[in-house]
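Next comes upload_22.cif, a file with mmCIF, C-alpha atoms and all ligand atoms.
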```cif
data_entry
#
loop_
_atom_site.label_atom_id
_atom_site.label_comp_id
_atom_site.auth_asym_id
_atom_site.auth_seq_id
_atom_site.Cartn_x
_atom_site.Cartn_y
_atom_site.Cartn_z
CA MET A 1 -156.51 -9.19 -36.44
CA PHE A 2 -155.27 -11.22 -39.38
CA SER A 3 -158.74 -11.82 -40.71
CA LYS A 4 -159.59 -8.14 -40.36
CA VAL A 5 -156.54 -7.15 -42.45
CA ARG A 6 -157.51 -9.77 -45.03
CA LEU A 7 -161.05 -8.38 -45.09
CA ILE A 8 -159.71 -4.86 -45.74
CA LYS A 9 -157.50 -6.24 -48.52
CA TRP A 10 -160.51 -7.93 -50.11
CA ASN A 11 -162.50 -4.71 -49.80
CA ILE A 12 -159.71 -2.79 -51.55
CA ARG A 13 -159.61 -5.41 -54.31
CA PHE A 14 -163.37 -5.20 -54.67
CA VAL A 15 -163.29 -1.39 -54.93
CA ILE A 16 -160.51 -1.61 -57.57
CA LEU A 17 -162.53 -4.20 -59.51
CA ILE A 18 -165.66 -2.01 -59.47
CA GLY A 19 -163.50 0.95 -60.55
CA LEU A 20 -162.17 -1.00 -63.52
CA VAL A 21 -165.65 -2.08 -64.57
CA ILE A 22 -166.85 1.56 -64.43
CA LEU A 23 -163.81 2.69 -66.46
CA LEU A 24 -164.64 0.09 -69.10
CA LEU A 25 -168.31 1.07 -69.23
CA VAL A 26 -168.03 4.86 -69.12
CA PRO A 27 -166.43 5.45 -72.57
CA SER A 28 -169.25 3.59 -74.30
CA LEU A 29 -171.74 5.79 -72.44
CA THR A 30 -169.81 9.05 -72.79
CA PHE A 31 -169.10 8.67 -76.49
CA ALA A 32 -172.57 7.68 -77.64
CA TYR A 33 -174.00 9.41 -80.69
CA ASN A 34 -173.74 13.17 -80.84
CA LEU A 35 -176.65 15.13 -82.32
CA TRP A 36 -176.29 18.54 -83.97
CA GLY A 37 -179.80 19.56 -82.87
CA LYS A 38 -181.10 20.42 -86.33
CA THR A 39 -183.17 17.93 -88.32
CA TRP A 40 -185.01 17.41 -91.58
CA LEU A 41 -188.81 17.57 -91.39
CA ASP A 42 -189.07 14.48 -93.60
CA VAL A 43 -186.45 11.83 -94.38
CA ASP A 44 -188.64 9.41 -96.36
CA PRO A 45 -187.65 10.01 -99.04
CA LEU A 46 -184.60 12.21 -98.86
CA TYR A 47 -183.40 12.99 -102.38
CA TYR A 48 -179.71 12.96 -103.20
CA TYR A 49 -178.08 13.88 -106.48
CA PHE A 50 -174.75 14.22 -108.21
CA ASP A 51 -174.42 15.80 -111.62
CA SER A 52 -172.17 14.58 -114.45
CA TRP A 53 -169.07 16.24 -113.03
CA PRO A 54 -167.80 13.82 -110.32
CA GLY A 55 -165.81 10.78 -111.45
CA TYR A 56 -166.94 7.19 -111.01
CA LYS A 57 -165.03 6.86 -107.73
CA THR A 58 -167.06 9.56 -106.00
CA LYS A 59 -170.33 8.48 -107.62
CA SER A 60 -169.89 4.84 -106.64
CA ALA A 61 -168.93 5.92 -103.09
CA PHE A 62 -172.15 7.89 -102.61
CA THR A 63 -174.24 5.20 -104.31
CA ALA A 64 -172.82 2.53 -101.98
CA ALA A 65 -173.10 4.79 -98.93
CA LYS A 66 -176.78 5.62 -99.50
CA SER A 67 -177.50 1.89 -99.93
CA ASP A 68 -175.76 1.19 -96.60
CA TRP A 69 -177.88 3.84 -94.87
CA ASN A 70 -181.06 2.57 -96.56
CA ALA A 71 -180.25 -0.97 -95.39
CA ALA A 72 -179.93 0.24 -91.78
CA SER A 73 -183.07 0.09 -89.66
CA THR A 74 -184.05 3.79 -89.65
CA PRO A 75 -186.84 5.83 -91.31
CA VAL A 76 -184.22 7.40 -93.64
CA ASN A 77 -184.82 6.52 -97.28
CA PHE A 78 -182.29 8.03 -99.70
CA GLN A 79 -183.56 8.20 -103.26
CA TRP A 80 -181.99 9.57 -106.42
CA SER A 81 -183.58 12.68 -107.91
CA ALA A 82 -182.43 15.67 -109.96
CA SER A 83 -184.69 17.80 -107.76
CA TYR A 84 -182.62 17.04 -104.72
CA ASP A 85 -182.30 17.72 -101.00
CA ILE A 86 -178.62 16.71 -100.83
CA TYR A 87 -176.11 17.63 -103.51
CA CYS A 88 -173.12 15.28 -103.71
CA TYR A 89 -169.90 16.46 -105.30
CA GLU A 90 -166.13 16.10 -105.30
CA TRP A 91 -163.39 18.68 -105.02
CA TYR A 92 -159.60 18.73 -104.86
CA ASP A 93 -157.72 20.52 -102.10
CA SER A 94 -154.23 19.49 -100.98
CA GLY A 95 -154.26 22.18 -98.30
CA THR A 96 -156.67 20.49 -95.89
CA GLY A 97 -156.70 17.25 -93.92
CA MET A 98 -160.42 16.93 -94.58
CA SER A 99 -161.35 14.05 -96.89
CA GLY A 100 -164.99 15.11 -96.91
CA PHE A 101 -167.13 18.10 -96.12
CA THR A 102 -170.82 18.72 -95.47
CA SER A 103 -172.68 22.00 -95.31
CA HIS A 104 -176.34 22.62 -94.55
CA ASP A 105 -179.08 25.05 -95.45
CA THR A 106 -181.10 25.60 -92.32
CA TYR A 107 -184.00 27.58 -91.00
CA GLU A 108 -184.22 27.71 -87.22
CA ILE A 109 -183.95 24.07 -86.11
CA TYR A 110 -184.73 22.61 -89.53
CA ILE A 111 -182.42 21.38 -92.26
CA PHE A 112 -183.86 21.91 -95.72
CA GLY A 113 -180.77 21.31 -97.86
CA ALA A 114 -177.26 19.90 -97.66
CA SER A 115 -174.13 19.42 -99.75
CA CYS A 116 -171.73 16.53 -99.26
CA GLY A 117 -168.33 16.54 -100.91
CA LEU A 118 -165.36 14.17 -101.15
CA ASN A 119 -161.88 15.70 -101.34
CA MET A 120 -160.19 13.84 -104.19
CA TYR A 121 -156.77 14.81 -102.88
CA TRP A 122 -157.41 12.14 -100.21
CA THR A 123 -160.16 9.90 -101.55
CA ASP A 124 -158.70 9.30 -105.03
CA ASP A 125 -156.20 6.86 -103.49
CA TYR A 126 -158.76 5.21 -101.20
CA ASP A 127 -160.41 1.92 -102.14
CA LEU A 128 -164.20 1.71 -102.48
CA ASN A 129 -164.68 0.70 -98.82
CA TRP A 130 -162.76 3.71 -97.55
CA ARG A 131 -164.46 6.07 -100.02
CA LYS A 132 -167.95 4.83 -99.13
CA SER A 133 -167.04 5.17 -95.46
CA VAL A 134 -166.27 8.86 -96.06
CA ALA A 135 -169.40 9.32 -98.18
CA GLY A 136 -171.58 7.57 -95.58
CA HIS A 137 -169.95 9.66 -92.84
CA GLU A 138 -170.82 12.84 -94.75
CA LEU A 139 -174.40 11.64 -95.29
CA GLY A 140 -174.49 11.10 -91.51
CA HIS A 141 -173.53 14.76 -91.07
CA ALA A 142 -176.20 15.71 -93.62
CA LEU A 143 -178.77 13.91 -91.41
CA GLY A 144 -177.64 15.85 -88.32
CA LEU A 145 -175.02 13.61 -86.68
CA LEU A 146 -171.82 15.06 -85.21
CA HIS A 147 -168.51 13.37 -84.49
CA VAL A 148 -167.96 10.62 -81.94
CA SER A 149 -165.02 8.46 -80.88
CA GLY A 150 -164.66 4.73 -81.32
CA ALA A 151 -165.73 2.17 -83.90
CA LYS A 152 -168.49 4.24 -85.47
CA LEU A 153 -169.17 5.73 -88.87
CA MET A 154 -169.28 9.19 -87.27
CA ASN A 155 -165.67 8.89 -86.07
CA GLY A 156 -164.08 11.79 -87.90
CA TYR A 157 -160.68 10.21 -88.53
CA ASP A 158 -160.50 8.04 -91.65
CA THR A 159 -157.44 6.08 -90.52
CA THR A 160 -158.95 5.34 -87.11
CA ARG A 161 -162.38 4.55 -88.53
CA CYS A 162 -161.31 2.48 -91.55
CA GLU A 163 -157.94 1.01 -90.62
CA THR A 164 -158.06 0.66 -86.84
CA TYR A 165 -161.75 -0.25 -86.57
CA GLY A 166 -162.61 -1.46 -90.10
CA VAL A 167 -165.84 0.56 -90.05
CA PHE A 168 -167.26 1.28 -93.52
CA THR A 169 -171.01 1.25 -92.82
CA PRO A 170 -173.40 2.75 -90.23
CA GLN A 171 -172.89 1.05 -86.84
CA ALA A 172 -175.43 0.53 -84.04
CA ASP A 173 -174.53 3.85 -82.40
CA ASP A 174 -174.84 5.78 -85.69
CA ILE A 175 -178.22 4.10 -86.31
CA ASN A 176 -179.36 4.87 -82.75
CA GLY A 177 -178.46 8.51 -83.32
CA VAL A 178 -180.51 8.70 -86.50
CA ASN A 179 -183.46 6.98 -84.79
CA ALA A 180 -183.17 9.43 -81.89
CA MET A 181 -183.80 12.19 -84.45
CA TYR A 182 -186.25 10.51 -86.82
CA GLY A 183 -187.44 7.25 -85.20
ZN ZN B 201 -167.01 14.49 -90.11
#
```
Output the file's structure in the form of structure tokens.
Ligand SMILES: [Zn+2]
Amino acid sequence: MFSKVRLIKWNIRFVILIGLVILLLVPSLTFAYNLWGKTWLDVDPLYYYFDSWPGYKTKSAFTAAKSDWNAASTPVNFQWSASYDIYCYEWYDSGTGMSGFTSHDTYEIYIFGASCGLNMYWTDDYDLNWRKSVAGHELGHALGLLHVSGAKLMNGYDTTRCETYGVFTPQADDINGVNAMYG
């Protein structure tokens, strides 16, 4: 009888162990990249532009962010042009928690234009890493990525993304999401 009880105990321990392993694995599966469902027809090149209005902080953030995306292994190739696909700007609004905002021009399932803005109420006090993280996040939205949890550029919370996780550039999951759309 003793050995049977011990066997049951070991079985219970085994079940608990398997349960823990599943709990550890599931979040990384559940919170994988999240696609909006609308895409650009062509992302090589994808022209971005900011006019003379934004300050150097916003300009340098978008310049660094597009370089980070271009360095990632995806077909996306951001290039500067005054005849642009994506208009980058800054605005000031103390009445929102949003540090950035992206809107799209779409037709059916296709994106044919986007605007990405940084809210200077928040980003003016950020350092370049935090600002480029917001700019890169917004460019991710422009490409068709939605929010996710965890240590990813598409995490929508600046403090969580930048301070907790130290994420300032596209991560593997963000890159996988872009390649799922354009790869
Ligand atoms: Zn967002």
Would you mind listing, for every residue of chain A within 8 Å of ligand ZN 201 (chain B), the two atoms forming the shortest contact and the distance between them in Å to one decimal, using only C-alpha atoms and all ligand atoms, sorted by chain and ascending residue number, as a tab-separated table?
```
residue	atom	partner	partner_atom	distance
A:Gly100	CA	B:ZN201	ZN	7.1
A:Phe101	CA	B:ZN201	ZN	7.0
A:Thr102	CA	B:ZN201	ZN	7.8
A:His137	CA	B:ZN201	ZN	6.3
A:Glu138	CA	B:ZN201	ZN	6.2
A:His141	CA	B:ZN201	ZN	6.6
A:Leu146	CA	B:ZN201	ZN	6.9
A:His147	CA	B:ZN201	ZN	5.9
A:Met154	CA	B:ZN201	ZN	6.4
A:Asn155	CA	B:ZN201	ZN	7.0
A:Gly156	CA	B:ZN201	ZN	4.6
A:Tyr157	CA	B:ZN201	ZN	7.8
```
Dump C-alpha atoms for the selected residues as an mmCIF file, in the coordinates of the input?
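Output (out_21.cif):
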```cif
data_model
loop_
_atom_site.group_PDB
_atom_site.id
_atom_site.type_symbol
_atom_site.label_atom_id
_atom_site.label_comp_id
_atom_site.auth_asym_id
_atom_site.auth_seq_id
_atom_site.Cartn_x
_atom_site.Cartn_y
_atom_site.Cartn_z
ATOM 1 C CA GLY A 100 -164.990 15.110 -96.910
ATOM 2 C CA PHE A 101 -167.130 18.100 -96.120
ATOM 3 C CA THR A 102 -170.820 18.720 -95.470
ATOM 4 C CA HIS A 137 -169.950 9.660 -92.840
ATOM 5 C CA GLU A 138 -170.820 12.840 -94.750
ATOM 6 C CA HIS A 141 -173.530 14.760 -91.070
ATOM 7 C CA LEU A 146 -171.820 15.060 -85.210
ATOM 8 C CA HIS A 147 -168.510 13.370 -84.490
ATOM 9 C CA MET A 154 -169.280 9.190 -87.270
ATOM 10 C CA ASN A 155 -165.670 8.890 -86.070
ATOM 11 C CA GLY A 156 -164.080 11.790 -87.900
ATOM 12 C CA TYR A 157 -160.680 10.210 -88.530
#
```
Segment 120-131 of chain A surroundings by only C-alpha atoms, 7 Å radius, close-in-sequence under 5 positions cut, as a compact mmCIF listing (two decimals) with C-alpha atoms, keeping the file's coordinate frame:
```txt
# COMPACT_ATOMS: atom_id res chain seq x y z
CA ALA A 61 -168.93 5.92 -103.09
CA GLU A 90 -166.13 16.10 -105.30
CA TRP A 91 -163.39 18.68 -105.02
CA TYR A 92 -159.60 18.73 -104.86
CA ASP A 93 -157.72 20.52 -102.10
CA SER A 94 -154.23 19.49 -100.98
CA SER A 99 -161.35 14.05 -96.89
CA CYS A 162 -161.31 2.48 -91.55
CA PHE A 168 -167.26 1.28 -93.52
```
Exercise. Rounded to one decimal in Å, what is the spacing between atom CA of Ile111 of chain A and atom CA of Ala32 of chain A?
Worked result: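 The value is 22.3 Å.
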Problem set entry | Nearest-residue call for Asp173 of chain A, choices A:Ser103, A:Thr63, A:Ser73, A:Lys38, using all atoms listed in the file | A:Ser73
For this session: Pick out the residues sitting within 8 Å of Val167 of chain A, and hand them over as a PyMOL selection string; count all atoms listed in the file, and ignore anything fewer than 2 positions along from it in its own chain.
Result: chain A and resi 133+151-153+161-163+165+169-171
Problem set entry | For atom CA of Val178 of chain A and atom CA of Phe78 of chain A, the interatomic separation in Å (one decimal) |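 Atom CA of Phe78 of chain A lies at a distance of 13.3 Å from atom CA of Val178 of chain A.
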Problem set entry | Length of the atom CA of Tyr182 of chain A to atom CA of Tyr48 of chain A vector [Å] |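 Atom CA of Tyr182 of chain A sits 17.8 Å away from atom CA of Tyr48 of chain A.
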For this session: Go through A:Ile86, A:Leu143, A:Cys116, A:Leu46 one by one, measure the shortest atom-to-atom distance of each to Ile175 of chain A using all atoms listed in the file, and give the residue with the smallest value.
Result: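 Among the listed residues, A:Leu143 lies closest to Ile175 of chain A.
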Which centre and which edge lengths, in Å to one decimal, describe the axis-aligned box that holds all listed atoms of segment 57-60 of chain A after 3 Å is added on each side, as lines of an AutoDock Vina configuration file?
```
center_x = -167.7
center_y = 7.2
center_z = -106.9
size_x = 11.3
size_y = 10.7
size_z = 7.7
```
Problem set entry | Proximity to Gly117 of chain A - best of A:Asn179, A:Thr58, A:Thr39, A:Thr74, all atoms listed in the file | A:Thr58
Problem set entry | Pick from A:Tyr56, A:Tyr84, A:Trp36, A:Phe50, whichever lies nearest to Ala180 of chain A using only C-alpha atoms |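 Nearest to Ala180 of chain A: A:Trp36.
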Problem set entry | Which of A:Gly97, A:Tyr47, A:Asn119, A:Asn176 sits closest to Leu35 of chain A [using only C-alpha atoms] |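 Going through A:Gly97, A:Tyr47, A:Asn119, A:Asn176 one by one, the smallest distance to Leu35 of chain A is for A:Asn176.
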For this session: Can you work out which one of A:Ile109, A:Leu139, A:Met98, A:Leu41 has the shortest atom-to-atom distance to Ala64 of chain A, counting only C-alpha atoms?
Result: A:Leu139
Would you mind listing what lies within 7 Å of Gly136 of chain A as a compact mmCIF listing (two decimals) with C-alpha atoms, in the frame of the given file, with all atoms listed in the file counted and same-chain residues fewer than 4 positions away left out?
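Once everything was written out, this is result_38.txt:
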```
# COMPACT_ATOMS: atom_id res chain seq x y z
CA ALA A 65 -173.10 4.79 -98.93
CA LYS A 66 -176.78 5.62 -99.50
CA LYS A 132 -167.95 4.83 -99.13
CA GLY A 140 -174.49 11.10 -91.51
CA THR A 169 -171.01 1.25 -92.82
```
